[in-house]
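Q: To start, I am sharing the structure in question, which I have written as structure tokens.
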Amino acid sequence: MAGLLHGDRIGNWIDGRRVDPANGEWLESVDPSVGKAWIRVPGGDAQDVDHAVAAAKAAFSGSWRSMPATQRAGLLRAAAVEIGKHAEELATIECRDNGKPLAEAIAGDLPSVVEMMNYWAGAADKIHGETIEIGPTSHNFVRHEPLGVVGIIVPWNSPLAILAAKVGAALAAGNCVVLKPAEQAAASILTIAACFDAAGFPHGVVNVVSGLGEVVGDALVRHPDVRKIAMTGSTETARRISERAAPTLKQLAFELGGKSPNIVFADADLELAVPGASTSAVFTGGAGQTCVAGSRLLVHASIYDDFLERVERHVAMHVRLGNALDRQTTMGPIAFAAQYEKVKSYVELGRKEGAEIAFGGRFGPENFDGREEAEALAGGYFVSPTLFRGATNDMRVCREEIFGPVTCAIPFHDDDEALAIANDTHYGLAAGVWTRDLKRAHRFVRDLEAGAVWVNAYRRIHWAAPFGGYKESGYGRDSGLESLRGYQQTKTAWIDLS
């Protein structure tokens, strides 16, 4: 089977074909496992955005808007098949871009992408209106219609999975899309666009423009023909988008950062809570580069020391730091150089603030143990799993999103204190609760200010369940039928029967 990626560069995808950037500029994408460029992607500008939006607008006004919903559903299923055919290649491209372990991408991310496309295919022909009984002289009904052209901004940590959640919903609802991938990890998004073409989508329905956020992202946000921006990224980026989108009054949906509490009570099943507090949240796969990372570990004071020792042993046994393409790797590098330096700076800040490093705090490869390990990590942006003990919730390392394999362990003494600490944050994306007490579990589900709460589990995300945040973790939802409604507008019709 022929591969999707050819040569040492990959162009934008606009109107059903591969297109070089209009300005002739290219960006190097660096493999974070080795610290070297491996492919070039477009450094596009507003001209490329104009081209893509025009193509999307023409496709929407053409065959796409009037296409029967069952036909759209069939195309989404065909896209799932095409993506499945190329799953390993797409996973490899993404892992070279952002350092996520290949084993995790193949076993988790790509199967989820396929299943999400099938889920949205099932939703596409189930968009129903309503009738409203007002009186005998009037027939009133409601239609749910697509918005038109939707701009989707995808981050660098899990591009393909996030694409599937947003693009699948937007297409199922009847929209056309223009995607802007993160410039640090654009190759997988640029590549997967060809799968939609192979599936038979009309040209212009799916478009991808790569470039710097301040250039391509800004042009997409400001464009008057883009009716909605859906973005996963940082809270600060969302603030800038909100300001720049205001003149066109377009709809916005943001899935943003977090500083999520993972709360372990004294009655917790430690056989579940220890791996749940370490590998499932921060010390795994993407090296803590996930918005839902349980980066504030709240542990009851009576088990605090014992629990942290158990976590350290678990990490030592189960975390294998290494090249993302090595299938034995369980935790890869930081995705790019600037983020690597940011994580380093926060580890140093934690020390200055008075927190104690229980384990980790090493940056590679020169500071790792053993010549063989150092050689295996040479050139890469590697950070060892790092846990601060003795942290307090007023420290910056406990309040600001680090986006790396760093967590802060905070002791608490009773339920009220745990809840107060957990909610004392500007964020509200996720939370975990580990307890055998059913009443306590329900109380915390009710009172935690977070869009997702897991009890005796962590980081369970499914395409059928709405996902998104409270407070500065954003608004709007990915996944689930609630997400589908976010890509539609409502029309009320009145027919006079008098």
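Residues are referred to by chain and number: the chain letter is A, B, ... according to the order shown in the structure tokens, the number counts from 1 in that chain, and ligands are numbered separately from 1 in the order shown.
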List every residue of range 219-294 of chain A that DSSP, applied to the backbone of this structure, places in strand (DSSP E or B), and write the result as a list in words.
A: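 Taking range 219-294 of chain A and keeping strand (DSSP E or B) gives Lys228, Ile229, Ala230, Met231, Thr232, Gln251, Leu252, Ala253, Phe254, Glu255, Pro261, Asn262, Ile263, Val264 and Gly285 of chain A.
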Q: Pull all heavy atoms from the residues just selected and write them as a compact mmCIF listing (two decimals), in the first residue's frame.
A:
# COMPACT_ATOMS: atom_id res chain seq x y z
N LYS A 228 -17.07 30.20 12.87
CA LYS A 228 -16.75 29.70 14.20
C LYS A 228 -15.28 29.32 14.25
O LYS A 228 -14.71 28.85 13.27
CB LYS A 228 -17.61 28.48 14.56
CG LYS A 228 -17.25 27.85 15.91
CD LYS A 228 -18.20 26.74 16.32
CE LYS A 228 -17.80 26.16 17.67
NZ LYS A 228 -18.79 25.24 18.23
N ILE A 229 -14.66 29.52 15.43
CA ILE A 229 -13.32 29.01 15.71
C ILE A 229 -13.45 28.03 16.87
O ILE A 229 -13.97 28.37 17.94
CB ILE A 229 -12.34 30.14 16.09
CG1 ILE A 229 -12.10 31.07 14.89
CG2 ILE A 229 -11.03 29.57 16.61
CD1 ILE A 229 -11.29 30.45 13.76
N ALA A 230 -12.97 26.82 16.66
CA ALA A 230 -12.88 25.82 17.72
C ALA A 230 -11.40 25.55 17.96
O ALA A 230 -10.69 25.15 17.04
CB ALA A 230 -13.60 24.55 17.33
N MET A 231 -10.94 25.77 19.17
CA MET A 231 -9.52 25.69 19.45
C MET A 231 -9.25 24.89 20.72
O MET A 231 -9.92 25.06 21.73
CB MET A 231 -8.95 27.11 19.61
CG MET A 231 -7.43 27.19 19.71
SD MET A 231 -6.74 26.98 21.39
CE MET A 231 -7.14 28.53 22.16
N THR A 232 -8.25 24.02 20.65
CA THR A 232 -7.68 23.42 21.84
C THR A 232 -6.27 23.99 22.00
O THR A 232 -5.47 23.93 21.05
CB THR A 232 -7.61 21.89 21.73
OG1 THR A 232 -8.94 21.37 21.70
CG2 THR A 232 -6.87 21.28 22.90
N GLN A 251 -18.65 32.65 16.44
CA GLN A 251 -18.75 31.79 17.60
C GLN A 251 -17.36 31.25 17.96
O GLN A 251 -16.50 31.07 17.11
CB GLN A 251 -19.70 30.62 17.31
CG GLN A 251 -21.14 31.03 17.12
CD GLN A 251 -22.05 29.82 16.98
OE1 GLN A 251 -21.80 28.77 17.54
NE2 GLN A 251 -23.14 29.99 16.24
N LEU A 252 -17.19 30.97 19.25
CA LEU A 252 -15.92 30.45 19.75
C LEU A 252 -16.18 29.26 20.67
O LEU A 252 -17.15 29.23 21.40
CB LEU A 252 -15.15 31.53 20.53
CG LEU A 252 -14.80 32.81 19.78
CD1 LEU A 252 -14.21 33.84 20.76
CD2 LEU A 252 -13.83 32.53 18.65
N ALA A 253 -15.28 28.29 20.61
CA ALA A 253 -15.31 27.16 21.55
C ALA A 253 -13.87 26.84 21.90
O ALA A 253 -13.02 26.66 21.01
CB ALA A 253 -15.99 25.95 20.94
N PHE A 254 -13.58 26.78 23.19
CA PHE A 254 -12.20 26.59 23.66
C PHE A 254 -12.11 25.40 24.62
O PHE A 254 -12.87 25.32 25.59
CB PHE A 254 -11.71 27.83 24.41
CG PHE A 254 -11.61 29.08 23.57
CD1 PHE A 254 -12.16 30.27 24.02
CD2 PHE A 254 -10.97 29.06 22.35
CE1 PHE A 254 -12.06 31.43 23.27
CE2 PHE A 254 -10.88 30.21 21.58
CZ PHE A 254 -11.42 31.40 22.04
N GLU A 255 -11.18 24.51 24.35
CA GLU A 255 -10.79 23.49 25.32
C GLU A 255 -9.36 23.82 25.71
O GLU A 255 -8.44 23.71 24.88
CB GLU A 255 -10.90 22.08 24.71
CG GLU A 255 -10.80 20.98 25.74
CD GLU A 255 -9.39 20.45 25.89
OE1 GLU A 255 -8.93 19.69 25.04
OE2 GLU A 255 -8.73 20.84 26.89
N PRO A 261 -6.66 18.67 40.07
CA PRO A 261 -6.38 17.96 41.32
C PRO A 261 -6.68 16.48 41.19
O PRO A 261 -7.69 16.07 40.61
CB PRO A 261 -7.35 18.62 42.31
CG PRO A 261 -8.52 19.02 41.46
CD PRO A 261 -7.95 19.38 40.12
N ASN A 262 -5.80 15.66 41.74
CA ASN A 262 -6.01 14.22 41.81
C ASN A 262 -5.96 13.88 43.29
O ASN A 262 -4.91 13.91 43.92
CB ASN A 262 -4.90 13.50 41.03
CG ASN A 262 -5.32 12.16 40.51
OD1 ASN A 262 -6.45 11.72 40.73
ND2 ASN A 262 -4.41 11.46 39.85
N ILE A 263 -7.15 13.59 43.87
CA ILE A 263 -7.31 13.58 45.33
C ILE A 263 -7.34 12.14 45.84
O ILE A 263 -8.21 11.36 45.44
CB ILE A 263 -8.61 14.31 45.73
CG1 ILE A 263 -8.69 15.68 45.04
CG2 ILE A 263 -8.70 14.46 47.24
CD1 ILE A 263 -10.06 16.32 45.12
N VAL A 264 -6.41 11.80 46.73
CA VAL A 264 -6.30 10.44 47.25
C VAL A 264 -6.65 10.46 48.74
O VAL A 264 -5.94 11.08 49.55
CB VAL A 264 -4.89 9.88 47.05
CG1 VAL A 264 -4.82 8.42 47.53
CG2 VAL A 264 -4.49 9.96 45.58
N GLY A 285 3.41 8.18 28.68
CA GLY A 285 3.32 8.53 27.27
C GLY A 285 3.85 9.88 26.85
O GLY A 285 5.01 10.05 26.54
Q: Set the distance at 8 Å and use only C-alpha atoms: which residues neighbour Glu130 in chain A once local chain neighbours fewer than 6 positions away are removed? I'd like the list as an mmCIF file with C-alpha atoms, in the first residue's frame.
A:
data_model
loop_
_atom_site.group_PDB
_atom_site.id
_atom_site.type_symbol
_atom_site.label_atom_id
_atom_site.label_comp_id
_atom_site.auth_asym_id
_atom_site.auth_seq_id
_atom_site.Cartn_x
_atom_site.Cartn_y
_atom_site.Cartn_z
ATOM 1 C CA PHE A 141 -40.932 24.377 14.017
ATOM 2 C CA VAL A 142 -37.188 24.508 14.656
ATOM 3 C CA ARG A 143 -34.379 23.537 12.310
#
Q: Based on the backbone DSSP call, show me all residues of range 53-298 of chain A assigned alpha helix (DSSP H), as a VMD selection string.
A: chain A and resid 53 to 59 65 to 66 69 to 85 87 to 98 102 to 104 110 to 124 159 to 172 187 to 198 218 to 222 235 to 245 270 to 277
Q: Show which residues sit within 6 Å of range 145-150 of chain A, as a compact mmCIF listing (two decimals) with C-alpha atoms, in the first residue's frame. Count only C-alpha atoms, and ignore same-chain residues fewer than 5 positions away.
A:
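The result, stored in out_30.txt:
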# COMPACT_ATOMS: atom_id res chain seq x y z
CA ALA A 173 -23.19 18.84 11.29
CA GLY A 174 -22.77 19.82 7.63
CA ASN A 175 -19.96 22.37 7.82
CA CYS A 176 -16.75 22.74 5.81
CA VAL A 177 -13.49 23.19 7.70
CA VAL A 226 -15.26 31.93 9.07
CA ARG A 227 -18.30 31.56 11.29
CA LYS A 228 -16.75 29.70 14.20
CA GLN A 488 -24.99 24.22 14.28
CA GLN A 489 -27.25 27.25 14.41
Q: If we count only C-alpha atoms and set the cut-off at 8 Å, which residues sit around Gln289 in chain A, ignoring sequence neighbours fewer than 6 positions away in its own chain? Please answer as a ChimeraX atom specification.
A: /A:157,282,334,403-405
Q: Kindly export the residues of the current selection with N, CA, C and O atoms, as an mmCIF file, in the first residue's frame.
A:
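Listed below is the output, part-v8.cif:
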data_model
loop_
_atom_site.group_PDB
_atom_site.id
_atom_site.type_symbol
_atom_site.label_atom_id
_atom_site.label_comp_id
_atom_site.auth_asym_id
_atom_site.auth_seq_id
_atom_site.Cartn_x
_atom_site.Cartn_y
_atom_site.Cartn_z
ATOM 1 N N ASN A 157 0.125 18.455 21.090
ATOM 2 C CA ASN A 157 0.325 17.278 21.952
ATOM 3 C C ASN A 157 -0.390 16.025 21.451
ATOM 4 O O ASN A 157 0.159 14.929 21.538
ATOM 5 N N VAL A 282 0.531 11.985 34.759
ATOM 6 C CA VAL A 282 1.681 12.815 34.406
ATOM 7 C C VAL A 282 2.856 11.993 33.894
ATOM 8 O O VAL A 282 3.461 12.320 32.883
ATOM 9 N N ILE A 334 9.962 15.855 25.750
ATOM 10 C CA ILE A 334 9.173 17.078 25.611
ATOM 11 C C ILE A 334 9.122 17.418 24.125
ATOM 12 O O ILE A 334 10.072 17.180 23.381
ATOM 13 N N PHE A 403 2.850 21.716 31.914
ATOM 14 C CA PHE A 403 2.761 20.915 30.698
ATOM 15 C C PHE A 403 4.023 20.092 30.486
ATOM 16 O O PHE A 403 4.685 20.146 29.446
ATOM 17 N N GLY A 404 4.347 19.330 31.500
ATOM 18 C CA GLY A 404 5.483 18.428 31.457
ATOM 19 C C GLY A 404 5.325 17.402 32.558
ATOM 20 O O GLY A 404 4.360 17.436 33.336
ATOM 21 N N PRO A 405 6.276 16.463 32.683
ATOM 22 C CA PRO A 405 6.146 15.373 33.666
ATOM 23 C C PRO A 405 6.510 15.813 35.079
ATOM 24 O O PRO A 405 7.413 15.259 35.716
#
Q: Restricting the calculation to only C-alpha atoms: of A:Ala58, A:Val455, A:Val19, A:Leu321, which residue gets closest to Ala441 in chain A?
A: A:Val455
Q: Counting only C-alpha atoms, what are the residues of range 239-322 of chain A within 9 Å of range 429-438 of chain A, and for each of them which pair of atoms is the nearest and at what distance in Å, to one decimal? Sort the table by chain and rising number, as a Markdown table.
A:
| residue | atom | partner | partner_atom | distance |
| --- | --- | --- | --- | --- |
| A:Glu255 | CA | A:Leu429 | CA | 8.4 |
| A:Leu256 | CA | A:Leu429 | CA | 7.7 |
| A:Gly257 | CA | A:Leu429 | CA | 7.1 |
| A:Gly258 | CA | A:Leu429 | CA | 5.4 |
| A:Lys259 | CA | A:Leu429 | CA | 7.7 |
| A:Ser260 | CA | A:Ala431 | CA | 5.3 |
| A:Pro261 | CA | A:Ala431 | CA | 5.1 |
| A:Asn262 | CA | A:Gly432 | CA | 4.4 |
| A:Ile263 | CA | A:Val433 | CA | 4.9 |
| A:Val264 | CA | A:Trp434 | CA | 4.8 |
| A:Phe265 | CA | A:Thr435 | CA | 5.6 |
| A:Ala266 | CA | A:Thr435 | CA | 7.5 |
| A:Asp267 | CA | A:Thr435 | CA | 5.6 |
| A:Ala268 | CA | A:Thr435 | CA | 4.2 |
| A:Asp269 | CA | A:Thr435 | CA | 7.1 |
| A:Leu270 | CA | A:Trp434 | CA | 8.7 |
| A:Leu272 | CA | A:Trp434 | CA | 8.5 |
| A:Ala273 | CA | A:Trp434 | CA | 6.4 |
| A:Gly276 | CA | A:Trp434 | CA | 9.0 |
| A:Ala277 | CA | A:Gly432 | CA | 8.7 |
| A:Cys291 | CA | A:Leu429 | CA | 7.7 |
| A:Val292 | CA | A:Ala430 | CA | 5.8 |
| A:Ala293 | CA | A:Ala430 | CA | 8.3 |
| A:Gly294 | CA | A:Ala431 | CA | 7.1 |
Q: Quick one: everything within 8 Å of range 416-426 of chain A, counting only C-alpha atoms, minus sequence neighbours fewer than 3 positions away in the same chain. Send it as a compact mmCIF listing (two decimals) with N, CA, C and O atoms, in the first residue's frame.
A:
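Contents of around03.txt, as written:
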# COMPACT_ATOMS: atom_id res chain seq x y z
N LYS A 259 -4.99 22.65 35.76
CA LYS A 259 -4.08 22.34 36.88
C LYS A 259 -4.88 21.41 37.77
O LYS A 259 -5.26 21.73 38.90
N SER A 260 -5.14 20.23 37.24
CA SER A 260 -6.18 19.37 37.79
C SER A 260 -5.76 18.68 39.08
O SER A 260 -4.65 18.15 39.18
N PRO A 261 -6.66 18.67 40.07
CA PRO A 261 -6.38 17.96 41.32
C PRO A 261 -6.68 16.48 41.19
O PRO A 261 -7.69 16.07 40.61
N ILE A 263 -7.15 13.59 43.87
CA ILE A 263 -7.31 13.58 45.33
C ILE A 263 -7.34 12.14 45.84
O ILE A 263 -8.21 11.36 45.44
N LEU A 298 -3.20 15.63 45.56
CA LEU A 298 -3.64 15.91 46.92
C LEU A 298 -3.78 14.58 47.66
O LEU A 298 -4.56 13.72 47.25
N ASN A 393 -0.44 25.10 47.99
CA ASN A 393 -1.22 25.49 46.83
C ASN A 393 -1.00 26.93 46.39
O ASN A 393 -1.46 27.32 45.31
N ARG A 399 0.05 26.42 40.79
CA ARG A 399 -1.02 27.26 40.25
C ARG A 399 -0.93 27.44 38.73
O ARG A 399 -1.94 27.72 38.08
N PHE A 412 -3.43 17.01 52.77
CA PHE A 412 -4.64 17.61 53.34
C PHE A 412 -5.09 16.74 54.51
O PHE A 412 -4.65 15.59 54.67
N HIS A 413 -5.98 17.29 55.36
CA HIS A 413 -6.36 16.61 56.60
C HIS A 413 -7.82 16.17 56.66
O HIS A 413 -8.15 15.28 57.45
N PHE A 444 -18.07 14.91 46.09
CA PHE A 444 -16.99 15.55 45.34
C PHE A 444 -17.34 15.69 43.87
O PHE A 444 -16.96 16.68 43.23
N ASP A 447 -19.42 18.84 43.90
CA ASP A 447 -18.85 20.11 44.36
C ASP A 447 -17.53 20.50 43.70
O ASP A 447 -17.11 21.65 43.82
N LEU A 448 -16.87 19.58 43.03
CA LEU A 448 -15.64 19.95 42.33
C LEU A 448 -15.97 20.80 41.12
O LEU A 448 -16.88 20.50 40.34
N GLU A 449 -15.23 21.88 40.95
CA GLU A 449 -15.46 22.81 39.84
C GLU A 449 -14.60 22.37 38.65
O GLU A 449 -13.54 22.92 38.37
N LYS A 471 -14.47 27.53 34.18
CA LYS A 471 -13.60 28.67 34.47
C LYS A 471 -12.63 28.92 33.31
O LYS A 471 -13.06 28.97 32.14
N GLU A 472 -11.34 29.08 33.61
CA GLU A 472 -10.37 29.42 32.56
C GLU A 472 -9.87 28.20 31.79
O GLU A 472 -8.90 28.28 31.05
N SER A 473 -10.56 27.07 31.96
CA SER A 473 -10.28 25.90 31.14
C SER A 473 -11.17 25.84 29.90
O SER A 473 -11.15 24.87 29.17
Q: Go through A:Pro21, A:Asn140, A:Arg96, A:Arg40 and flag the residue nearest Ile495 in chain A, using only C-alpha atoms for the distances.
A: A:Asn140
Q: Quick one: everything within 12 Å of Ala338 in chain A, counting only C-alpha atoms, minus sequence neighbours fewer than 4 positions away in the same chain. Send it as a PDB file with N, CA, C and O atoms, in the first residue's frame.
A:
ATOM      1  N   VAL A  30      11.032  19.525  14.018  1.00  0.00           N
ATOM      2  CA  VAL A  30      12.134  18.858  14.711  1.00  0.00           C
ATOM      3  C   VAL A  30      11.632  17.618  15.434  1.00  0.00           C
ATOM      4  O   VAL A  30      10.613  17.665  16.136  1.00  0.00           O
ATOM      5  N   PRO A  32      11.756  15.556  18.431  1.00  0.00           N
ATOM      6  CA  PRO A  32      12.244  15.856  19.778  1.00  0.00           C
ATOM      7  C   PRO A  32      13.012  14.710  20.428  1.00  0.00           C
ATOM      8  O   PRO A  32      13.680  14.924  21.432  1.00  0.00           O
ATOM      9  N   GLY A  35      16.372  15.775  18.558  1.00  0.00           N
ATOM     10  CA  GLY A  35      16.693  17.188  18.454  1.00  0.00           C
ATOM     11  C   GLY A  35      17.111  17.634  17.074  1.00  0.00           C
ATOM     12  O   GLY A  35      17.833  18.621  16.923  1.00  0.00           O
ATOM     13  N   GLN A 184       4.621  23.427  15.507  1.00  0.00           N
ATOM     14  CA  GLN A 184       5.619  22.492  16.043  1.00  0.00           C
ATOM     15  C   GLN A 184       5.321  21.051  15.656  1.00  0.00           C
ATOM     16  O   GLN A 184       6.207  20.190  15.741  1.00  0.00           O
ATOM     17  N   ILE A 334       9.962  15.855  25.750  1.00  0.00           N
ATOM     18  CA  ILE A 334       9.173  17.078  25.611  1.00  0.00           C
ATOM     19  C   ILE A 334       9.122  17.418  24.125  1.00  0.00           C
ATOM     20  O   ILE A 334      10.072  17.180  23.381  1.00  0.00           O
ATOM     21  N   LYS A 342      10.954  25.608  29.171  1.00  0.00           N
ATOM     22  CA  LYS A 342       9.909  26.034  30.099  1.00  0.00           C
ATOM     23  C   LYS A 342       9.790  25.057  31.261  1.00  0.00           C
ATOM     24  O   LYS A 342       9.710  25.462  32.432  1.00  0.00           O
ATOM     25  N   VAL A 343       9.781  23.758  30.958  1.00  0.00           N
ATOM     26  CA  VAL A 343       9.679  22.753  32.019  1.00  0.00           C
ATOM     27  C   VAL A 343      10.880  22.846  32.955  1.00  0.00           C
ATOM     28  O   VAL A 343      10.735  22.797  34.189  1.00  0.00           O
ATOM     29  N   LYS A 344      12.061  22.992  32.398  1.00  0.00           N
ATOM     30  CA  LYS A 344      13.268  23.149  33.215  1.00  0.00           C
ATOM     31  C   LYS A 344      13.136  24.336  34.160  1.00  0.00           C
ATOM     32  O   LYS A 344      13.497  24.261  35.342  1.00  0.00           O
ATOM     33  N   SER A 345      12.619  25.445  33.640  1.00  0.00           N
ATOM     34  CA  SER A 345      12.510  26.653  34.460  1.00  0.00           C
ATOM     35  C   SER A 345      11.541  26.457  35.618  1.00  0.00           C
ATOM     36  O   SER A 345      11.755  26.984  36.715  1.00  0.00           O
ATOM     37  N   TYR A 381      14.945  16.033  23.919  1.00  0.00           N
ATOM     38  CA  TYR A 381      14.454  16.961  24.942  1.00  0.00           C
ATOM     39  C   TYR A 381      13.815  16.159  26.086  1.00  0.00           C
ATOM     40  O   TYR A 381      12.598  16.204  26.301  1.00  0.00           O
ATOM     41  N   PHE A 403       2.850  21.716  31.914  1.00  0.00           N
ATOM     42  CA  PHE A 403       2.761  20.915  30.698  1.00  0.00           C
ATOM     43  C   PHE A 403       4.023  20.092  30.486  1.00  0.00           C
ATOM     44  O   PHE A 403       4.685  20.146  29.446  1.00  0.00           O
TER      45      PHE A 403
END
Q: Using only C-alpha atoms, find the one residue out of A:Ala121, A:Ala301, A:Val347, A:Ile14 that sits nearest to Pro202 in chain A.
A: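 Among the listed residues, the smallest separation from Pro202 in chain A belongs to A:Ile14.
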Q: Between A:Glu243, A:Asp97, A:Asp197, A:Asp109, single out the one closest to Val34 in chain A, counting only C-alpha atoms.
A: A:Asp97
Q: Measuring between only C-alpha atoms, which one of A:Arg65, A:Arg222, A:Lys352, A:Arg396 shows the shortest distance to Ala46 in chain A?
A: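 Nearest to Ala46 in chain A: A:Arg222.
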